[in-house]
Every structure is written in C-alpha cells, then in structure tokens.
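Q: I am sharing entry_0.txt, which consists of compact mmCIF, C-alpha atoms:
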# COMPACT_ATOMS: atom_id res chain seq x y z
CA MET C 1 -28.22 -10.44 -28.45
CA LYS C 2 -28.00 -10.46 -24.68
CA PRO C 3 -27.23 -13.37 -22.34
CA ASP C 4 -30.39 -14.91 -20.88
CA PHE C 5 -29.08 -14.86 -17.31
CA LYS C 6 -28.84 -11.94 -14.92
CA PHE C 7 -25.45 -10.81 -13.75
CA ASN C 8 -27.22 -8.57 -11.28
CA SER C 9 -28.11 -11.46 -8.98
CA VAL C 10 -24.47 -12.45 -8.53
CA ILE C 11 -23.41 -8.84 -8.14
CA PHE C 12 -26.10 -8.47 -5.49
CA LEU C 13 -24.86 -11.58 -3.65
CA LEU C 14 -21.28 -10.38 -3.76
CA ALA C 15 -22.32 -6.92 -2.58
CA LEU C 16 -24.31 -8.47 0.26
CA SER C 17 -21.35 -10.62 1.30
CA CYS C 18 -19.04 -7.62 1.16
CA PHE C 19 -21.50 -5.69 3.28
CA LEU C 20 -21.62 -8.51 5.82
CA LEU C 21 -17.86 -8.85 5.89
CA LEU C 22 -16.97 -5.19 6.05
CA PHE C 23 -19.78 -3.19 7.59
CA CYS C 24 -21.63 -5.49 9.97
CA PRO C 25 -18.73 -5.49 12.42
CA PHE C 26 -19.24 -1.74 12.83
CA ILE C 27 -22.94 -2.21 13.53
CA TYR C 28 -22.09 -5.03 15.92
CA ALA C 29 -19.61 -2.80 17.74
CA GLN C 30 -22.23 -0.16 18.38
CA GLN C 31 -24.55 -2.69 20.01
CA ALA C 32 -22.25 -5.05 21.86
CA LYS C 33 -20.41 -2.79 24.25
CA PRO C 34 -21.69 -3.61 27.76
CA ALA C 35 -21.09 -1.36 30.70
CA GLU C 36 -19.21 -4.08 32.59
CA THR C 37 -16.49 -3.97 29.94
CA GLU C 38 -15.99 -0.30 30.55
CA ILE C 39 -15.74 -0.86 34.31
CA GLN C 40 -13.26 -3.66 33.73
CA ASP C 41 -11.24 -1.42 31.40
CA MET C 42 -11.05 1.32 34.00
CA ASN C 43 -9.50 -1.10 36.49
CA GLU C 44 -6.86 -2.18 34.02
CA ASP C 45 -3.87 -0.30 32.73
CA THR C 46 -5.23 2.00 30.04
CA ASN C 47 -2.01 1.91 28.02
CA ALA C 48 -1.98 -1.88 27.64
CA ALA C 49 -3.55 -2.90 24.35
CA LYS C 50 -5.84 -5.90 24.68
CA PRO C 51 -7.05 -6.83 21.23
CA GLY C 52 -10.07 -9.00 20.80
CA GLN C 53 -13.21 -9.49 22.81
CA LYS C 54 -12.89 -8.71 26.49
CA ASN C 55 -15.70 -10.74 28.02
CA ILE C 56 -17.56 -13.97 27.39
CA LYS C 57 -20.66 -12.22 26.00
CA ASP C 58 -18.62 -10.44 23.36
CA LYS C 59 -16.74 -13.63 22.55
CA ILE C 60 -19.97 -15.58 21.95
CA ALA C 61 -21.31 -12.70 19.84
CA LEU C 62 -18.13 -12.87 17.76
CA TYR C 63 -18.48 -16.63 17.21
CA VAL C 64 -22.12 -16.16 16.19
CA PHE C 65 -21.12 -13.40 13.79
CA LEU C 66 -18.41 -15.61 12.24
CA ALA C 67 -20.92 -18.43 11.89
CA TRP C 68 -23.25 -16.08 9.99
CA VAL C 69 -20.40 -14.94 7.79
CA TRP C 70 -19.59 -18.54 6.83
CA ILE C 71 -23.25 -19.35 6.21
CA ALA C 72 -23.45 -16.28 3.92
CA ILE C 73 -20.29 -17.41 2.12
CA PHE C 74 -21.54 -20.97 1.56
CA VAL C 75 -24.95 -19.74 0.36
CA SER C 76 -23.17 -17.37 -2.06
CA ILE C 77 -20.94 -20.22 -3.26
CA TYR C 78 -24.01 -22.40 -3.84
CA PHE C 79 -25.56 -19.72 -6.08
CA LEU C 80 -22.24 -19.10 -7.81
CA ARG C 81 -21.98 -22.83 -8.56
CA LEU C 82 -25.43 -22.69 -10.18
CA LYS C 83 -24.35 -19.72 -12.27
CA ILE C 84 -21.14 -21.51 -13.30
CA ILE C 85 -23.13 -24.53 -14.51
CA GLU C 86 -25.41 -22.18 -16.46
CA VAL C 87 -22.63 -20.15 -18.10
CA ASP C 88 -20.59 -23.29 -18.86
CA ARG C 89 -23.63 -24.74 -20.64
CA LEU C 90 -24.00 -21.52 -22.64
CA SER C 91 -20.30 -21.58 -23.37
CA GLY C 92 -20.60 -25.20 -24.56
CA TYR C 93 -23.33 -24.17 -27.01
CA GLY C 94 -20.96 -21.55 -28.40
CA PHE C 95 -23.12 -18.70 -27.14
CA TYR C 96 -20.13 -16.45 -26.35
CA GLN C 97 -18.51 -17.28 -29.71
CA LYS C 98 -21.65 -15.86 -31.34
CA LEU C 99 -21.46 -12.78 -29.09
CA LYS C 100 -17.86 -12.15 -30.19
CA LYS C 101 -18.96 -12.11 -33.84
CA MET N 1 -33.14 7.49 -19.30
CA ASN N 2 -31.13 4.29 -19.55
CA ILE N 3 -28.39 4.55 -16.90
CA ARG N 4 -26.27 1.80 -18.48
CA LYS N 5 -26.38 3.56 -21.85
CA TRP N 6 -25.48 6.88 -20.22
CA PHE N 7 -22.37 5.37 -18.64
CA ASP N 8 -21.57 3.35 -21.77
CA ASP N 9 -21.58 6.47 -23.95
CA ARG N 10 -19.10 8.10 -21.62
CA LEU N 11 -16.95 5.20 -20.37
CA GLY N 12 -17.30 2.57 -23.10
CA ILE N 13 -18.54 -0.17 -20.74
CA ASN N 14 -19.67 -2.37 -23.64
CA GLU N 15 -16.18 -2.30 -25.15
CA ILE N 16 -14.65 -3.40 -21.82
CA SER N 17 -17.31 -6.10 -21.48
CA ALA N 18 -16.66 -7.30 -25.05
CA PHE N 19 -12.91 -7.41 -24.34
CA MET N 20 -13.45 -9.48 -21.19
CA THR N 21 -15.69 -11.95 -23.05
CA LYS N 22 -13.08 -12.22 -25.82
CA LYS N 23 -10.30 -13.06 -23.36
CA GLU N 24 -9.96 -16.84 -22.94
CA ILE N 25 -8.58 -18.78 -19.98
CA PRO N 26 -7.11 -22.23 -20.77
CA GLN N 27 -8.34 -25.16 -18.70
CA HIS N 28 -5.72 -27.74 -17.65
CA LYS N 29 -4.25 -29.37 -14.54
CA HIS N 30 -2.47 -26.14 -13.46
CA THR N 31 -5.49 -23.83 -13.91
CA ILE N 32 -5.71 -23.35 -10.12
CA LEU N 33 -2.51 -21.27 -10.34
CA TYR N 34 -4.32 -18.67 -12.46
CA TYR N 35 -6.42 -17.77 -9.41
CA THR N 36 -3.47 -16.58 -7.31
CA GLY N 37 -3.01 -13.32 -9.26
CA SER N 38 -6.51 -11.98 -8.69
CA SER N 39 -6.47 -13.16 -5.06
CA ILE N 40 -3.36 -11.02 -4.50
CA LEU N 41 -5.29 -8.06 -5.91
CA VAL N 42 -8.18 -8.73 -3.51
CA PHE N 43 -5.81 -8.65 -0.53
CA PHE N 44 -4.12 -5.55 -1.91
CA PHE N 45 -7.45 -3.71 -1.97
CA ILE N 46 -8.18 -4.90 1.58
CA GLN N 47 -4.80 -3.48 2.60
CA ILE N 48 -5.67 -0.12 1.04
CA LEU N 49 -9.07 -0.01 2.74
CA THR N 50 -7.89 -1.08 6.21
CA GLY N 51 -4.75 1.05 5.86
CA ILE N 52 -6.84 4.16 5.23
CA LEU N 53 -9.02 3.36 8.27
CA LEU N 54 -5.93 2.91 10.46
CA ALA N 55 -4.35 6.12 9.12
CA PHE N 56 -7.37 8.09 10.40
CA TYR N 57 -6.19 7.41 13.96
CA TYR N 58 -2.47 6.63 13.72
CA LYS N 59 0.04 9.34 14.78
CA PRO N 60 3.58 8.79 13.47
CA THR N 61 5.53 10.47 16.26
CA LEU N 62 7.87 9.05 18.85
CA GLU N 63 5.57 9.96 21.74
CA LEU N 64 2.22 9.05 20.19
CA ALA N 65 2.83 6.15 17.80
CA ASN N 66 2.40 3.33 20.32
CA GLU N 67 -0.29 5.23 22.21
CA SER N 68 -2.32 5.80 19.04
CA VAL N 69 -2.12 2.10 18.09
CA ALA N 70 -3.23 1.23 21.66
CA TYR N 71 -6.12 3.68 21.19
CA ILE N 72 -7.08 1.98 17.91
CA VAL N 73 -6.99 -1.44 19.59
CA ASN N 74 -8.72 -0.47 22.84
CA ASP N 75 -11.09 2.39 22.09
CA VAL N 76 -11.91 2.72 18.41
CA PRO N 77 -15.02 0.62 17.61
CA LEU N 78 -13.68 -2.57 16.04
CA GLY N 79 -10.30 -0.94 15.63
CA TRP N 80 -8.70 -4.14 16.91
CA ILE N 81 -10.14 -6.19 14.07
CA ILE N 82 -9.29 -3.62 11.40
CA ARG N 83 -5.69 -3.68 12.61
CA SER N 84 -5.75 -7.46 12.78
CA ILE N 85 -7.17 -7.72 9.24
CA HIS N 86 -4.49 -5.29 7.99
CA SER N 87 -1.77 -7.40 9.55
CA TRP N 88 -3.16 -10.81 8.48
CA ALA N 89 -4.01 -9.60 4.96
CA ALA N 90 -0.34 -8.61 4.58
CA THR N 91 0.62 -12.17 5.52
CA PHE N 92 -1.94 -13.66 3.09
CA MET N 93 -0.87 -11.28 0.32
CA ILE N 94 2.86 -11.93 0.63
CA ALA N 95 2.29 -15.70 0.88
CA LEU N 96 0.24 -15.55 -2.34
CA VAL N 97 2.86 -13.39 -4.07
CA PHE N 98 5.47 -16.07 -3.24
CA ILE N 99 3.17 -18.87 -4.48
CA HIS N 100 2.37 -16.88 -7.64
CA LEU N 101 6.03 -16.22 -8.50
CA LEU N 102 7.20 -19.73 -7.64
CA SER N 103 4.45 -21.27 -9.78
CA ILE N 104 5.55 -19.05 -12.69
CA TRP N 105 9.15 -20.10 -12.06
CA ILE N 106 8.27 -23.82 -12.07
CA THR N 107 5.92 -23.67 -15.06
CA LYS N 108 8.40 -21.45 -17.00
CA ALA N 109 5.70 -18.90 -17.73
CA TYR N 110 8.36 -16.14 -17.71
CA ARG N 111 9.77 -17.17 -21.11
CA ASN N 112 9.46 -15.19 -24.32
CA PRO N 113 7.34 -12.99 -24.67
CA ARG N 114 6.60 -12.65 -20.93
CA GLU N 115 10.00 -11.46 -19.66
CA MET N 116 8.71 -8.01 -18.69
CA THR N 117 5.74 -9.56 -16.90
CA TRP N 118 8.21 -11.54 -14.75
CA ILE N 119 10.41 -8.50 -14.08
CA SER N 120 7.43 -6.37 -13.04
CA GLY N 121 6.24 -9.29 -10.86
CA VAL N 122 9.60 -9.56 -9.06
CA LEU N 123 9.56 -5.79 -8.47
CA LEU N 124 6.05 -6.14 -7.04
CA LEU N 125 7.38 -8.83 -4.66
CA VAL N 126 10.18 -6.50 -3.56
CA ILE N 127 7.69 -3.68 -2.94
CA SER N 128 5.37 -6.04 -1.04
CA LEU N 129 8.29 -7.04 1.21
CA ALA N 130 9.19 -3.36 1.62
CA PHE N 131 5.60 -2.72 2.74
CA GLY N 132 6.01 -5.43 5.36
CA PHE N 133 9.34 -4.05 6.55
CA THR N 134 8.22 -0.41 6.76
CA GLY N 135 4.93 -1.34 8.42
CA TYR N 136 6.60 -3.46 11.10
CA LEU N 137 8.07 -0.44 12.96
CA LEU N 138 4.87 1.62 12.97
CA PRO N 139 3.37 0.21 16.23
CA TRP N 140 6.61 1.39 17.88
CA ASP N 141 6.79 -1.42 20.42
CA GLU N 142 9.91 -3.10 21.86
CA LEU N 143 9.99 -5.92 19.34
CA SER N 144 9.40 -3.76 16.26
CA LEU N 145 12.12 -1.32 17.35
CA ALA N 146 14.65 -4.12 17.92
CA ALA N 147 13.75 -5.86 14.62
CA THR N 148 14.05 -2.58 12.70
CA LYS N 149 17.46 -1.93 14.30
CA VAL N 150 18.61 -5.34 13.04
CA GLY N 151 16.94 -4.89 9.64
CA THR N 152 18.32 -1.43 8.95
CA ASP N 153 21.77 -2.54 10.11
CA ILE N 154 22.02 -5.27 7.43
CA PRO N 155 22.74 -2.91 4.49
CA ARG N 156 25.80 -1.67 6.45
CA ALA N 157 27.55 -4.89 5.38
CA ILE N 158 27.41 -3.84 1.71
CA PRO N 159 30.83 -2.50 0.68
CA ILE N 160 31.24 1.23 -0.07
CA VAL N 161 27.56 2.34 0.02
CA GLY N 162 26.37 0.22 2.99
CA ALA N 163 26.79 2.79 5.76
CA TRP N 164 25.12 5.45 3.62
CA VAL N 165 22.09 3.20 2.91
CA THR N 166 21.68 2.47 6.63
CA ARG N 167 21.89 6.18 7.45
CA LEU N 168 19.39 6.99 4.70
CA LEU N 169 16.90 4.42 6.00
CA ARG N 170 17.28 5.50 9.61
CA GLY N 171 17.46 9.23 9.03
CA GLY N 172 20.48 9.29 11.34
CA VAL N 173 23.00 7.04 13.04
CA ASP N 174 20.45 5.08 15.05
CA VAL N 175 16.76 4.16 14.87
CA THR N 176 14.86 7.15 16.27
CA GLY N 177 11.68 9.15 15.67
CA GLU N 178 13.22 10.21 12.33
CA THR N 179 13.23 6.57 11.23
CA LEU N 180 9.58 6.22 12.22
CA THR N 181 8.62 9.27 10.13
CA ARG N 182 10.64 8.02 7.15
CA LEU N 183 9.25 4.51 7.22
CA PHE N 184 5.71 5.82 7.68
CA THR N 185 6.12 8.12 4.65
CA LEU N 186 7.51 5.24 2.61
CA HIS N 187 4.68 2.97 3.80
CA ILE N 188 1.78 5.26 2.96
CA CYS N 189 3.08 7.50 0.13
CA VAL N 190 6.11 6.25 -1.79
CA LEU N 191 5.48 2.49 -1.88
CA PRO N 192 1.76 2.76 -2.80
CA LEU N 193 2.71 5.06 -5.70
CA PHE N 194 5.26 2.57 -7.04
CA ILE N 195 3.05 -0.47 -6.48
CA LEU N 196 0.12 1.11 -8.33
CA MET N 197 2.29 2.01 -11.33
CA LEU N 198 3.87 -1.45 -11.45
CA LEU N 199 0.52 -3.14 -10.94
CA ALA N 200 -0.94 -1.23 -13.88
CA LEU N 201 2.01 -2.32 -16.06
CA HIS N 202 1.78 -5.93 -14.83
CA VAL N 203 -1.98 -6.19 -15.50
CA TYR N 204 -1.53 -4.56 -18.93
CA LEU N 205 1.18 -7.09 -19.85
CA ILE N 206 -1.00 -9.99 -18.70
CA GLN N 207 -3.84 -8.71 -20.91
CA LYS N 208 -1.44 -8.21 -23.82
CA HIS N 209 0.21 -11.64 -23.75
CA GLY N 210 -2.67 -13.67 -22.31
CA SER N 211 -2.37 -16.70 -20.01
CA SER N 212 0.59 -18.99 -20.62
CA LEU N 213 0.26 -22.74 -21.16
CA PRO N 214 2.22 -25.43 -19.26
CA LEU N 215 5.31 -26.75 -21.07
CA ASP N 216 4.02 -30.30 -21.68
CA ILE N 217 0.90 -28.96 -23.44
CA GLU N 218 2.85 -26.39 -25.44
CA LYS N 219 5.48 -28.99 -26.42
CA LYS N 220 2.93 -31.51 -27.70
CA ASN N 221 0.98 -28.74 -29.39
CA ILE N 222 -2.27 -30.11 -27.95
CA SER N 223 -5.31 -27.89 -28.24
CA VAL N 224 -6.71 -27.21 -24.77
CA LYS N 225 -10.22 -26.34 -23.78
CA SER N 226 -10.65 -22.73 -22.72
CA ILE N 227 -13.40 -20.71 -21.08
CA PRO N 228 -14.28 -17.02 -21.44
CA PHE N 229 -12.77 -14.78 -18.76
CA TRP N 230 -16.16 -13.12 -18.36
CA PRO N 231 -18.38 -14.52 -16.95
CA ASN N 232 -17.18 -18.16 -16.63
CA PHE N 233 -13.77 -17.54 -15.04
CA ILE N 234 -14.83 -14.56 -12.90
CA TYR N 235 -17.55 -16.67 -11.21
CA ARG N 236 -14.97 -19.32 -10.36
CA GLU N 237 -12.62 -16.64 -9.02
CA ALA N 238 -15.42 -15.17 -6.91
CA ILE N 239 -15.68 -18.50 -5.05
CA ILE N 240 -11.97 -18.39 -4.20
CA TRP N 241 -12.22 -14.73 -3.12
CA LEU N 242 -15.15 -15.49 -0.81
CA LEU N 243 -13.30 -18.41 0.80
CA LEU N 244 -10.18 -16.31 1.27
CA LEU N 245 -12.16 -13.40 2.72
CA GLY N 246 -13.92 -15.75 5.14
CA SER N 247 -10.61 -17.27 6.19
CA LEU N 248 -9.03 -13.84 6.64
CA LEU N 249 -11.89 -12.54 8.77
CA THR N 250 -11.95 -15.70 10.92
CA ILE N 251 -8.20 -15.72 11.53
CA ALA N 252 -8.12 -11.96 12.17
CA ALA N 253 -10.96 -12.26 14.70
CA LEU N 254 -9.67 -15.35 16.51
CA PHE N 255 -5.98 -14.45 16.48
CA PRO N 256 -5.79 -10.66 16.77
CA HIS N 257 -2.43 -9.04 16.36
CA HIS N 258 -1.00 -8.07 19.77
CA LEU N 259 0.72 -4.83 20.63
CA GLY N 260 3.84 -4.86 22.82
CA SER N 261 5.06 -2.35 25.38
CA PRO N 262 6.09 1.07 24.05
CA ALA N 263 9.62 1.08 22.64
CA ASP N 264 12.34 2.57 24.79
CA LEU N 265 15.33 3.85 22.81
CA MET N 266 17.62 3.43 25.83
CA ALA N 267 16.49 -0.10 26.76
CA PRO N 268 18.53 -3.16 25.69
CA ALA N 269 17.07 -5.27 22.86
CA PRO N 270 14.64 -7.94 24.11
CA GLU N 271 15.59 -11.59 23.66
CA GLY N 272 14.44 -13.59 20.65
CA VAL N 273 14.11 -10.68 18.22
CA LYS N 274 12.85 -12.03 14.90
CA PRO N 275 11.54 -10.39 11.77
CA GLU N 276 8.25 -11.29 10.09
CA TRP N 277 7.99 -14.89 8.78
CA TYR N 278 8.79 -13.90 5.19
CA PHE N 279 12.21 -12.58 6.18
CA LEU N 280 13.09 -15.52 8.45
CA PHE N 281 14.98 -17.57 5.84
CA LEU N 282 17.16 -14.56 5.00
CA PHE N 283 17.63 -13.80 8.71
CA GLN N 284 18.73 -17.38 9.40
CA THR N 285 21.05 -17.32 6.36
CA LEU N 286 22.83 -14.29 7.84
CA LYS N 287 23.07 -16.01 11.22
CA ILE N 288 24.75 -19.19 9.95
CA PHE N 289 27.66 -17.36 8.35
CA PRO N 290 30.82 -17.23 10.50
CA ALA N 291 32.18 -13.87 11.73
CA ASN N 292 35.08 -13.88 9.26
CA ILE N 293 35.82 -15.80 6.06
CA LEU N 294 39.36 -15.30 4.74
CA PHE N 295 39.78 -11.88 6.39
CA ILE N 296 36.44 -10.71 4.97
CA HIS N 297 33.53 -10.00 7.26
CA GLY N 298 31.11 -12.98 7.11
CA GLU N 299 28.03 -10.77 7.01
CA THR N 300 29.40 -8.90 3.98
CA ILE N 301 29.81 -12.18 2.08
CA ALA N 302 26.29 -13.29 3.13
CA VAL N 303 24.69 -10.00 2.04
CA LEU N 304 26.56 -10.05 -1.28
CA LEU N 305 25.54 -13.69 -1.90
CA ILE N 306 21.90 -12.90 -1.11
CA GLY N 307 22.13 -9.89 -3.43
CA LEU N 308 23.59 -12.07 -6.19
CA MET N 309 20.77 -14.60 -5.77
CA GLY N 310 18.28 -11.73 -5.98
CA VAL N 311 19.84 -10.49 -9.23
CA LEU N 312 19.79 -14.05 -10.71
CA PHE N 313 16.13 -14.39 -9.68
CA PHE N 314 15.34 -11.03 -11.30
CA CYS N 315 17.17 -11.99 -14.53
CA LEU N 316 15.66 -15.49 -14.76
CA PRO N 317 14.02 -14.91 -18.19
CA MET N 318 17.40 -13.80 -19.57
CA ILE N 319 19.21 -16.84 -18.10
CA ASP N 320 16.59 -19.36 -19.23
CA ASN N 321 15.80 -17.96 -22.67
CA LYS N 322 15.23 -21.26 -24.46
CA PRO N 323 12.34 -21.62 -26.89
CA ALA N 324 9.06 -22.10 -25.07
CA GLU N 325 8.83 -25.84 -25.83
CA LYS N 326 12.28 -26.71 -24.32
CA LYS N 327 12.17 -28.02 -20.78
CA GLY N 328 15.08 -26.45 -18.84
CA LYS N 329 15.13 -29.01 -16.02
CA ILE N 330 17.96 -27.34 -14.06
CA ILE N 331 15.87 -24.19 -13.57
CA THR N 332 12.96 -26.30 -12.31
CA TYR N 333 15.24 -28.14 -9.85
CA ALA N 334 16.65 -24.78 -8.74
CA ALA N 335 13.08 -23.71 -7.85
CA TYR N 336 12.55 -26.86 -5.76
CA VAL N 337 15.93 -26.41 -4.04
CA PHE N 338 15.02 -22.78 -3.23
CA ILE N 339 11.65 -23.82 -1.74
CA LEU N 340 13.30 -26.55 0.34
CA TYR N 341 16.04 -24.16 1.51
CA ALA N 342 13.54 -21.42 2.45
CA VAL N 343 11.36 -23.89 4.41
CA ILE N 344 14.32 -25.45 6.27
CA MET N 345 15.81 -22.05 7.18
CA THR N 346 12.43 -20.70 8.32
CA VAL N 347 11.76 -23.74 10.53
CA TRP N 348 15.32 -23.61 11.90
CA SER N 349 14.88 -19.94 12.76
CA LEU N 350 11.62 -20.66 14.59
CA LEU N 351 13.10 -23.49 16.70
In structure tokens, what does this structure look like?
A:
Amino acid sequence: MKPDFKFNSVIFLLALSCFLLLFCPFIYAQQAKPAETEIQDMNEDTNAAKPGQKNIKDKIALYVFLAWVWIAIFVSIYFLRLKIIEVDRLSGYGFYQKLKK
Amino acid sequence: MNIRKWFDDRLGINEISAFMTKKEIPQHKHTILYYTGSSILVFFFIQILTGILLAFYYKPTLELANESVAYIVNDVPLGWIIRSIHSWAATFMIALVFIHLLSIWITKAYRNPREMTWISGVLLLVISLAFGFTGYLLPWDELSLAATKVGTDIPRAIPIVGAWVTRLLRGGVDVTGETLTRLFTLHICVLPLFILMLLALHVYLIQKHGSSLPLDIEKKNISVKSIPFWPNFIYREAIIWLLLLGSLLTIAALFPHHLGSPADLMAPAPEGVKPEWYFLFLFQTLKIFPANILFIHGETIAVLLIGLMGVLFFCLPMIDNKPAEKKGKIITYAAYVFILYAVIMTVWSLL
C-alpha cells in the first residue's frame, strides 16, 4: 500500500529553492557586470578587497534577487504547510501504523 | 525498467524508507529543540560546498594567501558572496551547536543511555571551534595574524607541555608561513576527517537511542503524542531549513565579510585585536585574571581553570548519573550560570 500523496512535488520545490539559492547567483553574476564597474575598479587599488556590490545598479539587482528568494521560500513554506496538514491527517487515521505492519 | 526498483535492489531504499517511517518523534513543549540538530547538519553541508569552491582559488602561501582571497572577493564571479556565506554559515553553525548542547544540558538528555551521544557532541563542538580558529588565519590579514598570535600563545601557559603545544601549532617559534600551511592543512584535511567520523557516530547513536523526553514528562510517565520522522517531521524541518537558508543568504549578501590589509610579520599588532565572537568569553576570562596569583602566573591559573571546566563539561553524564526521572536542579542552575557568564563576558569584551 502506497501513500496517496506525492513526495515528488515537495522534492521538486526543495530542489527549485536550492537551485534559486545556490545557482542563480552565478547566472546573475554573468549578466550584471557593467563596464562602468570595470572602469571604476581600474581606478582603485587592485589589491584592496571590496566585497559586495560596487554600484547602485548591482545593489538594486541584489535586493530584487533577495526579494525573489524570499518569495520562493514563502511559496515553498505554503506548500509544505499543506503537505504537513495532509500527512498529519493520514497519521491521525493510523495510516503509517498500517504501513509499519 | 523501473528506476526506483533498480536502485532499491542495489541500495535497499525501501528498507531505509521503512526505518524512517518507523522512527517516531515525540511532540511536546520542547519539540522545537529537536530541529537544531538537523539545522547544524544543513550548515555543515553548506560549509563543505562553499569551502570546496573557495579552495579552488585559495593559495595557502605567505605571499599569495591574502592576494588570492582578494582575487576571490574582487574578481571571481560571486566569489565575495561565497566567501561571505562560508563565514556567516560558520557563525550560524557554531551558534546552533551551542544552542543544541545547552538545550541537552538543561533538559538532561545526556543521561543514561545517551552518555556517548553527549561525549561525541562535545567533541563535535570542539572540532567546530577548531574549524573557526584554523579558518580565521587563512585570509592572512593584519587582524587574523594578530589574533592567531594571541590564540596560539595561550597554550604556552599550560605547565610542562605548553611551549611544545604552541610550537607544534605554529610550526616554529612565531606565527609564520609555516603556521599558515599547518592551519590550512588542519582546516581542510584533518578536521573534516574527524568531524565526519564523529558525525557518523553521533547520528548512529541518535538513531539507536531515539529522541529523549523532557524530565517532567518522563517523571510523570505520561504518554506523549508522537509523529513519524518521515514524512511528518521532515516536512516541518524543511520549513526551518528554508528559513535559515534565506536568513543566511540575506545576511551574507547585505553584510559581506571584509578583508583587511595583508599581514606584515614585522609590523606591530593592531589595536583592539579580538577573536571570533565564540571565543570572546574565554578571551575576556583570560584578561580579567591578574598577572600573578600567589607566585603563580595568572594566565596559567586561568588556562588550567578553563581546562578543568572543559573536562567537567565533557564528563557531565558521569557527574550527573541519576536515574532519568530525578531532577538534578544544581546541574540545571549550573547551565543557567554558564549562559549568564558567557553573555556577560562577551558583552564586556565587546565594550
């Protein structure tokens, strides 16, 4: 007897969130490197490490990206909550007790 | 061909799945504390991933260490955020390890039969702190050099073996390129090996003994509601992981870790040298001791006292070996006193 809900959907959501969190920054980096930043860098001391976004355009792009990350997280949490309600109901019916037997 | 069946025949996925469904998690007012363990694991895996990415570019030599970190921060695409995540995830991880151990201390979850789980947990804390200490020097900037000089000088206060331990850590009399190579090797080879072995033992013991119950419930012998680990508890954990990952990414992006000027071995130590936040209470404890107490060097007494406290902390299950239903109030008060002391000393050190 198999559970009547799909684990795949949650795994997909988690995978999507992981993708957003870990790999999108790399894609973003390839696109959001304006020429003016490079010119600015050349004028500055090359040895000085300046972490973070170097101009206002990059900063706004970062805030937008973070906003998308949080939207993705809250959407994932919403679906996870639905799944929790579903599995708790199944648990209440003793569904998993039957599975153990 | 059924892919699931193919893997199941070879790896026994159904057996693992059946085991996870069989495992039960009790539901009570302290259930939130059960989430800290898996959250530590999440941060540990982030550390491995970001650490590997940083190691692709980092060069552990006196001449190139700081330059290579500057290259990661300035030139590698999103190198700055990978480094920032690595640094902030270490902070999150160590904070959670402290919360996890203190919650076990307060709820007495270390008692029979979980003594070995506690001991492996304390060793994991020590290794986590060692990761922090060895990683701190790697950027090779002024502050990290000065802090490592102070940090590696502390064992010198231990009688008989102190000077030898300091020399062993530094790879010589003073902090040099040898120290950098040693700490880098410890950081990426030796410590990961030990942490993985201990982690495997710790997780095995948790599976063997199951989740402990709070004293009041165990004492009254009340039956508590429990949920299956898979899928009910995992879904709940996933929510916490997502929130922690979001917080980590946001903090790492908004407050990136800065890199100081390259370290100069001949330069005097900069003012206000402080270790990472998790060592501050120990640092302040060493500072408040007078130079000499009854003809004995004050630092020696401080180091020995700290060592004694560490041994008592490690042996807690042997000291408090009452039956599970007995309260042991003194041990609980000791935990609160320790938390208060650590907070006061940390704040004092920051002022």
Q: Applying 9 Å and all atoms listed in the file, which residues near segment 31-45 of chain N remain after dropping the ones on its own chain fewer than 4 positions away? List them as a PDB file with C-alpha atoms, keeping the file's coordinate frame.
A:
ATOM      1  CA  ILE N  25      -8.580 -18.780 -19.980  1.00  0.00           C
ATOM      2  CA  PRO N  26      -7.110 -22.230 -20.770  1.00  0.00           C
ATOM      3  CA  GLN N  27      -8.340 -25.160 -18.700  1.00  0.00           C
ATOM      4  CA  LEU N  49      -9.070  -0.010   2.740  1.00  0.00           C
ATOM      5  CA  THR N  50      -7.890  -1.080   6.210  1.00  0.00           C
ATOM      6  CA  ALA N  89      -4.010  -9.600   4.960  1.00  0.00           C
ATOM      7  CA  ALA N  90      -0.340  -8.610   4.580  1.00  0.00           C
ATOM      8  CA  PHE N  92      -1.940 -13.660   3.090  1.00  0.00           C
ATOM      9  CA  MET N  93      -0.870 -11.280   0.320  1.00  0.00           C
ATOM     10  CA  ILE N  94       2.860 -11.930   0.630  1.00  0.00           C
ATOM     11  CA  LEU N  96       0.240 -15.550  -2.340  1.00  0.00           C
ATOM     12  CA  VAL N  97       2.860 -13.390  -4.070  1.00  0.00           C
ATOM     13  CA  ILE N  99       3.170 -18.870  -4.480  1.00  0.00           C
ATOM     14  CA  HIS N 100       2.370 -16.880  -7.640  1.00  0.00           C
ATOM     15  CA  SER N 103       4.450 -21.270  -9.780  1.00  0.00           C
ATOM     16  CA  ILE N 104       5.550 -19.050 -12.690  1.00  0.00           C
ATOM     17  CA  SER N 211      -2.370 -16.700 -20.010  1.00  0.00           C
ATOM     18  CA  ARG N 236     -14.970 -19.320 -10.360  1.00  0.00           C
ATOM     19  CA  GLU N 237     -12.620 -16.640  -9.020  1.00  0.00           C
ATOM     20  CA  ILE N 240     -11.970 -18.390  -4.200  1.00  0.00           C
ATOM     21  CA  TRP N 241     -12.220 -14.730  -3.120  1.00  0.00           C
ATOM     22  CA  LEU N 244     -10.180 -16.310   1.270  1.00  0.00           C
ATOM     23  CA  LEU N 245     -12.160 -13.400   2.720  1.00  0.00           C
TER      24      LEU N 245
END
Q: So how far away is atom CA of Glu142 of chain N from atom CA of Ala267 of chain N, in Å?
A: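 Computing it gives 8.7 Å between the two atoms.
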Q: For atom CA of Gln47 of chain N and atom CA of Leu191 of chain N, quote the distance in Å rounded to one decimal.
A: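 Going from atom CA of Gln47 of chain N over to atom CA of Leu191 of chain N covers 12.7 Å.
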Q: Env of Phe283 of chain N: 10 Å cut, atoms = only C-alpha atoms, seq-sep filter 6 positions within chain, self excluded. Answer as a PDB file with C-alpha atoms, in the coordinates of the input.
A:
ATOM      1  CA  VAL N 150      18.610  -5.340  13.040  1.00  0.00           C
ATOM      2  CA  GLY N 151      16.940  -4.890   9.640  1.00  0.00           C
ATOM      3  CA  ILE N 154      22.020  -5.270   7.430  1.00  0.00           C
ATOM      4  CA  LYS N 274      12.850 -12.030  14.900  1.00  0.00           C
ATOM      5  CA  PRO N 275      11.540 -10.390  11.770  1.00  0.00           C
ATOM      6  CA  GLU N 276       8.250 -11.290  10.090  1.00  0.00           C
ATOM      7  CA  TRP N 277       7.990 -14.890   8.780  1.00  0.00           C
ATOM      8  CA  MET N 345      15.810 -22.050   7.180  1.00  0.00           C
ATOM      9  CA  THR N 346      12.430 -20.700   8.320  1.00  0.00           C
ATOM     10  CA  SER N 349      14.880 -19.940  12.760  1.00  0.00           C
TER      11      SER N 349
END
Q: Could you please select, counting all atoms listed in the file, the residues of chain N within 8 Å of chain C and state them as a PyMOL selection string?
A: chain N and resi 18+21-22+67+70-71+73-74+77-78+80-81+227-228+231-232+235-236+238-239+242-243+245-246+249-250+253-254+256-261
Q: Need to verify the contact set: Gly177 of chain N, 12 Å, only C-alpha atoms, exclusion of same-chain residues closer than 5 positions in sequence. Can you return it as a list in words?
A: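 So the residues in contact are Lys59, Pro60, Thr61, Leu62, Glu63, Leu64, Ala65, Asn66, Leu137, Leu138, Trp140, Leu145, Leu169, Arg170, Gly171, Gly172, Arg182, Leu183, Phe184, Ala263, Asp264 and Leu265 of chain N.
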Q: One number please: atom CA of Leu143 of chain N to atom CA of Ile251 of chain N, in Å, one decimal.
A: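 Interatomic distance here is 22.1 Å.
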